[in-house]
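To start, the structure under review is shown below, and the notes come after it.
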Amino acid sequence: MKKFKEFSLNFLFKISDQPVLLRDLLEANALFNDGMLVDPSKLNFNFRIFNCYMYFSILCVFILLPLLLVTHYFLTRLDFHISIVSAVAVTACVFIGYDIFKIYIRKIVSKKLIEKAWNLHFPYFAYEKYSFIASDLYKEALKDDNLKKNLEKYVLEKIIQSK
C-alpha cells in the first residue's frame with residue numbers, strides 16, 4: 001500500500017529536488033495547522049493536471065460504472081425519469097468529486113513535504129510534538145517586524161525554551 005501511495009503521488013505531482021526554505025516551511029506549517037491549503041510553490045511541488053484527470057477518471061470507472069450498471073436496470077424498470085435524475089446526480093458527483101479529490105491529494109502531499117522539510121531544518125524536534133508550537137511562534141514573529149532577519153534563531157530559541 002505504501003508503494004502504491006508513493007507511486008500515486010509521484011504520478012500526480014512534480015516535486016522539485018530543491019530544499020524548502022525555512023521561512024516557507026514555517027509559513028506552510030502554519031497554514032497547514034490552521035486547516036488551510038498550502039501554496040504549492042512554497043513546498044516546491046506542482047500538479048500534473050493531465051495525470052490527475054486520468055487518475056480520477058480511472059477511479060470513477062472502477063467505482064461509479066459498476067454502480068451505474070447495477071442500478072440502471074432497476075431504475076429504468078421503476079421509472080425512466082428516476083434514471084435520468086440519477087444520471088444527472090452522478091454527473092454532478094463526478095465534477096464535485098474531482099475538486100474534492102484534488103484538495104485531498106494536495107493535503108497529503110503538503111503534509112509529506114512539510115514533514116520532510118521539518119526533518120531537514122529541525123532534525124532534533126519531532127514534527128508531531130513541535131509543529132503547533134512552531135506555528136504559533138511563526139505567527140508571533142510575523143507580528144514583530146524586526147524578527148524577520150533572525151527568524152530561525154528566534155524559533156529555535158523559543159522551541160528550546162518550551163521544552
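Residues in the C-alpha cells are named by chain (A, B, ... in the order shown) and by number from 1 within that chain; ligands are numbered from 1 in the order shown.
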Region 47-56 of chain A surroundings by only C-alpha atoms, 9 Å radius, close-in-sequence under 6 positions cut, as a ChimeraX atom specification: /A:8,11-15,40,97-98,101-102,106
Could those selected residues go to a file with all heavy atoms, as a compact mmCIF listing (two decimals), in the first residue's frame?
```txt
# COMPACT_ATOMS: atom_id res chain seq x y z
N SER A 8 1.49 6.83 -6.64
CA SER A 8 0.39 7.74 -6.97
C SER A 8 0.81 9.19 -6.81
O SER A 8 0.53 10.03 -7.67
CB SER A 8 -0.82 7.46 -6.09
OG SER A 8 -1.32 6.19 -6.33
N PHE A 11 3.09 10.16 -9.55
CA PHE A 11 2.35 10.24 -10.81
C PHE A 11 1.54 11.53 -10.89
O PHE A 11 1.42 12.13 -11.96
CB PHE A 11 1.43 9.02 -10.93
CG PHE A 11 0.64 8.97 -12.21
CD1 PHE A 11 1.27 8.66 -13.41
CD2 PHE A 11 -0.72 9.22 -12.21
CE1 PHE A 11 0.55 8.60 -14.59
CE2 PHE A 11 -1.45 9.17 -13.39
CZ PHE A 11 -0.82 8.86 -14.58
N LEU A 12 0.99 11.98 -9.76
CA LEU A 12 0.10 13.13 -9.74
C LEU A 12 0.82 14.47 -9.57
O LEU A 12 0.26 15.50 -9.91
CB LEU A 12 -0.92 12.96 -8.62
CG LEU A 12 -1.87 11.78 -8.77
CD1 LEU A 12 -2.70 11.61 -7.51
CD2 LEU A 12 -2.76 11.94 -9.98
N PHE A 13 2.06 14.45 -9.04
CA PHE A 13 2.75 15.69 -8.74
C PHE A 13 4.17 15.69 -9.29
O PHE A 13 4.82 14.65 -9.34
CB PHE A 13 2.85 15.92 -7.22
CG PHE A 13 1.53 16.11 -6.56
CD1 PHE A 13 0.92 15.08 -5.87
CD2 PHE A 13 0.90 17.33 -6.61
CE1 PHE A 13 -0.30 15.26 -5.27
CE2 PHE A 13 -0.33 17.52 -6.00
CZ PHE A 13 -0.92 16.48 -5.33
N LYS A 14 4.62 16.86 -9.65
CA LYS A 14 6.03 17.09 -9.96
C LYS A 14 6.62 17.74 -8.72
O LYS A 14 6.24 18.85 -8.34
CB LYS A 14 6.17 17.99 -11.19
CG LYS A 14 7.57 18.47 -11.45
CD LYS A 14 8.48 17.33 -11.82
CE LYS A 14 9.87 17.86 -12.11
NZ LYS A 14 10.90 16.96 -11.74
N ILE A 15 7.52 17.03 -8.07
CA ILE A 15 8.12 17.51 -6.82
C ILE A 15 9.58 17.88 -7.10
O ILE A 15 10.35 17.05 -7.60
CB ILE A 15 8.03 16.45 -5.72
CG1 ILE A 15 6.56 16.12 -5.46
CG2 ILE A 15 8.70 16.95 -4.44
CD1 ILE A 15 6.33 14.96 -4.52
N PRO A 40 1.46 25.61 -3.43
CA PRO A 40 2.41 24.61 -3.92
C PRO A 40 3.81 25.16 -4.15
O PRO A 40 4.79 24.43 -4.00
CB PRO A 40 1.80 24.13 -5.24
CG PRO A 40 0.35 24.42 -5.12
CD PRO A 40 0.26 25.65 -4.27
N GLY A 97 -16.64 15.68 -7.15
CA GLY A 97 -15.66 14.72 -6.63
C GLY A 97 -14.24 15.02 -7.09
O GLY A 97 -13.29 14.80 -6.35
N TYR A 98 -14.09 15.54 -8.31
CA TYR A 98 -12.75 15.87 -8.78
C TYR A 98 -12.12 16.98 -7.93
O TYR A 98 -10.95 16.91 -7.59
CB TYR A 98 -12.76 16.28 -10.26
CG TYR A 98 -11.40 16.65 -10.77
CD1 TYR A 98 -10.43 15.67 -10.95
CD2 TYR A 98 -11.05 17.97 -11.02
CE1 TYR A 98 -9.16 15.99 -11.39
CE2 TYR A 98 -9.79 18.30 -11.46
CZ TYR A 98 -8.85 17.31 -11.65
OH TYR A 98 -7.59 17.65 -12.07
N PHE A 101 -11.18 15.47 -4.67
CA PHE A 101 -10.00 14.63 -4.90
C PHE A 101 -8.73 15.48 -4.94
O PHE A 101 -7.72 15.13 -4.31
CB PHE A 101 -10.20 13.86 -6.22
CG PHE A 101 -8.98 13.16 -6.72
CD1 PHE A 101 -8.54 11.99 -6.14
CD2 PHE A 101 -8.28 13.67 -7.81
CE1 PHE A 101 -7.41 11.34 -6.63
CE2 PHE A 101 -7.16 13.03 -8.30
CZ PHE A 101 -6.72 11.86 -7.70
N LYS A 102 -8.76 16.60 -5.66
CA LYS A 102 -7.58 17.46 -5.75
C LYS A 102 -7.20 18.04 -4.39
O LYS A 102 -6.02 18.12 -4.05
CB LYS A 102 -7.81 18.59 -6.77
CG LYS A 102 -7.50 18.18 -8.18
CD LYS A 102 -7.65 19.32 -9.14
CE LYS A 102 -6.60 20.39 -8.91
NZ LYS A 102 -6.62 21.45 -9.91
N ARG A 106 -3.76 17.09 -2.44
CA ARG A 106 -2.91 18.25 -2.15
C ARG A 106 -2.55 18.29 -0.66
O ARG A 106 -1.41 18.60 -0.30
CB ARG A 106 -3.64 19.52 -2.56
CG ARG A 106 -2.83 20.77 -2.46
CD ARG A 106 -3.60 21.91 -3.06
NE ARG A 106 -2.95 23.17 -2.85
CZ ARG A 106 -3.42 24.32 -3.29
NH1 ARG A 106 -4.53 24.35 -4.01
NH2 ARG A 106 -2.78 25.43 -3.05
```
Any chance you could list, as a PyMOL selection string, the residues in chain A that come up strand (DSSP E) when DSSP is run on the backbone? chain A and resi 13-15+45-47
What would the file look like if the residues just selected were written as a PDB file, in the first residue's frame with N, CA and C atoms?
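The resulting file, result_6.pdb, is reproduced below:
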```pdb
ATOM      1  N   PHE A  13       2.057  14.445  -9.039  1.00  0.00           N
ATOM      2  CA  PHE A  13       2.750  15.689  -8.741  1.00  0.00           C
ATOM      3  C   PHE A  13       4.167  15.687  -9.293  1.00  0.00           C
ATOM      4  N   LYS A  14       4.621  16.864  -9.651  1.00  0.00           N
ATOM      5  CA  LYS A  14       6.029  17.086  -9.957  1.00  0.00           C
ATOM      6  C   LYS A  14       6.616  17.743  -8.721  1.00  0.00           C
ATOM      7  N   ILE A  15       7.525  17.027  -8.066  1.00  0.00           N
ATOM      8  CA  ILE A  15       8.124  17.514  -6.821  1.00  0.00           C
ATOM      9  C   ILE A  15       9.576  17.876  -7.105  1.00  0.00           C
ATOM     10  N   PHE A  45       6.280  21.994  -5.233  1.00  0.00           N
ATOM     11  CA  PHE A  45       5.603  20.941  -5.986  1.00  0.00           C
ATOM     12  C   PHE A  45       4.576  21.564  -6.909  1.00  0.00           C
ATOM     13  N   ASN A  46       4.164  20.776  -7.896  1.00  0.00           N
ATOM     14  CA  ASN A  46       3.188  21.248  -8.858  1.00  0.00           C
ATOM     15  C   ASN A  46       2.328  20.067  -9.307  1.00  0.00           C
ATOM     16  N   PHE A  47       1.067  20.345  -9.627  1.00  0.00           N
ATOM     17  CA  PHE A  47       0.169  19.309 -10.125  1.00  0.00           C
ATOM     18  C   PHE A  47       0.547  18.924 -11.550  1.00  0.00           C
TER      19      PHE A  47
END
```
Need the shell around Leu37 (chain A): protein/DNA/RNA residues with any atom at most 8 Å away, counting only C-alpha atoms. Skip same-chain ones fewer than 3 positions apart. Format as a PyMOL selection string? chain A and resi 31-32+103+106-107
Keeping only C-alpha atoms, write those residues as a tab-separated table (two decimals), in the first residue's frame.
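result_3.tsv written:
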```tsv
chain	number	residue	atom	x	y	z
A	31	LEU	CA	-1.26	27.31	7.12
A	32	PHE	CA	-1.48	23.52	7.26
A	103	ILE	CA	-7.90	19.00	-2.30
A	106	ARG	CA	-2.91	18.25	-2.15
A	107	LYS	CA	-3.22	17.92	1.64
```
With distances taken over only C-alpha atoms, which of A:Ala126, A:Leu22, A:Val155, A:Ala89 is nearest to Glu140 (chain A)? A:Val155
Give the answer as one residue: which of A:Asp79, A:Asp34, A:Gln18, A:Val94 has the shortest atom-to-atom distance to Val61 (chain A), using only C-alpha atoms? A:Val94
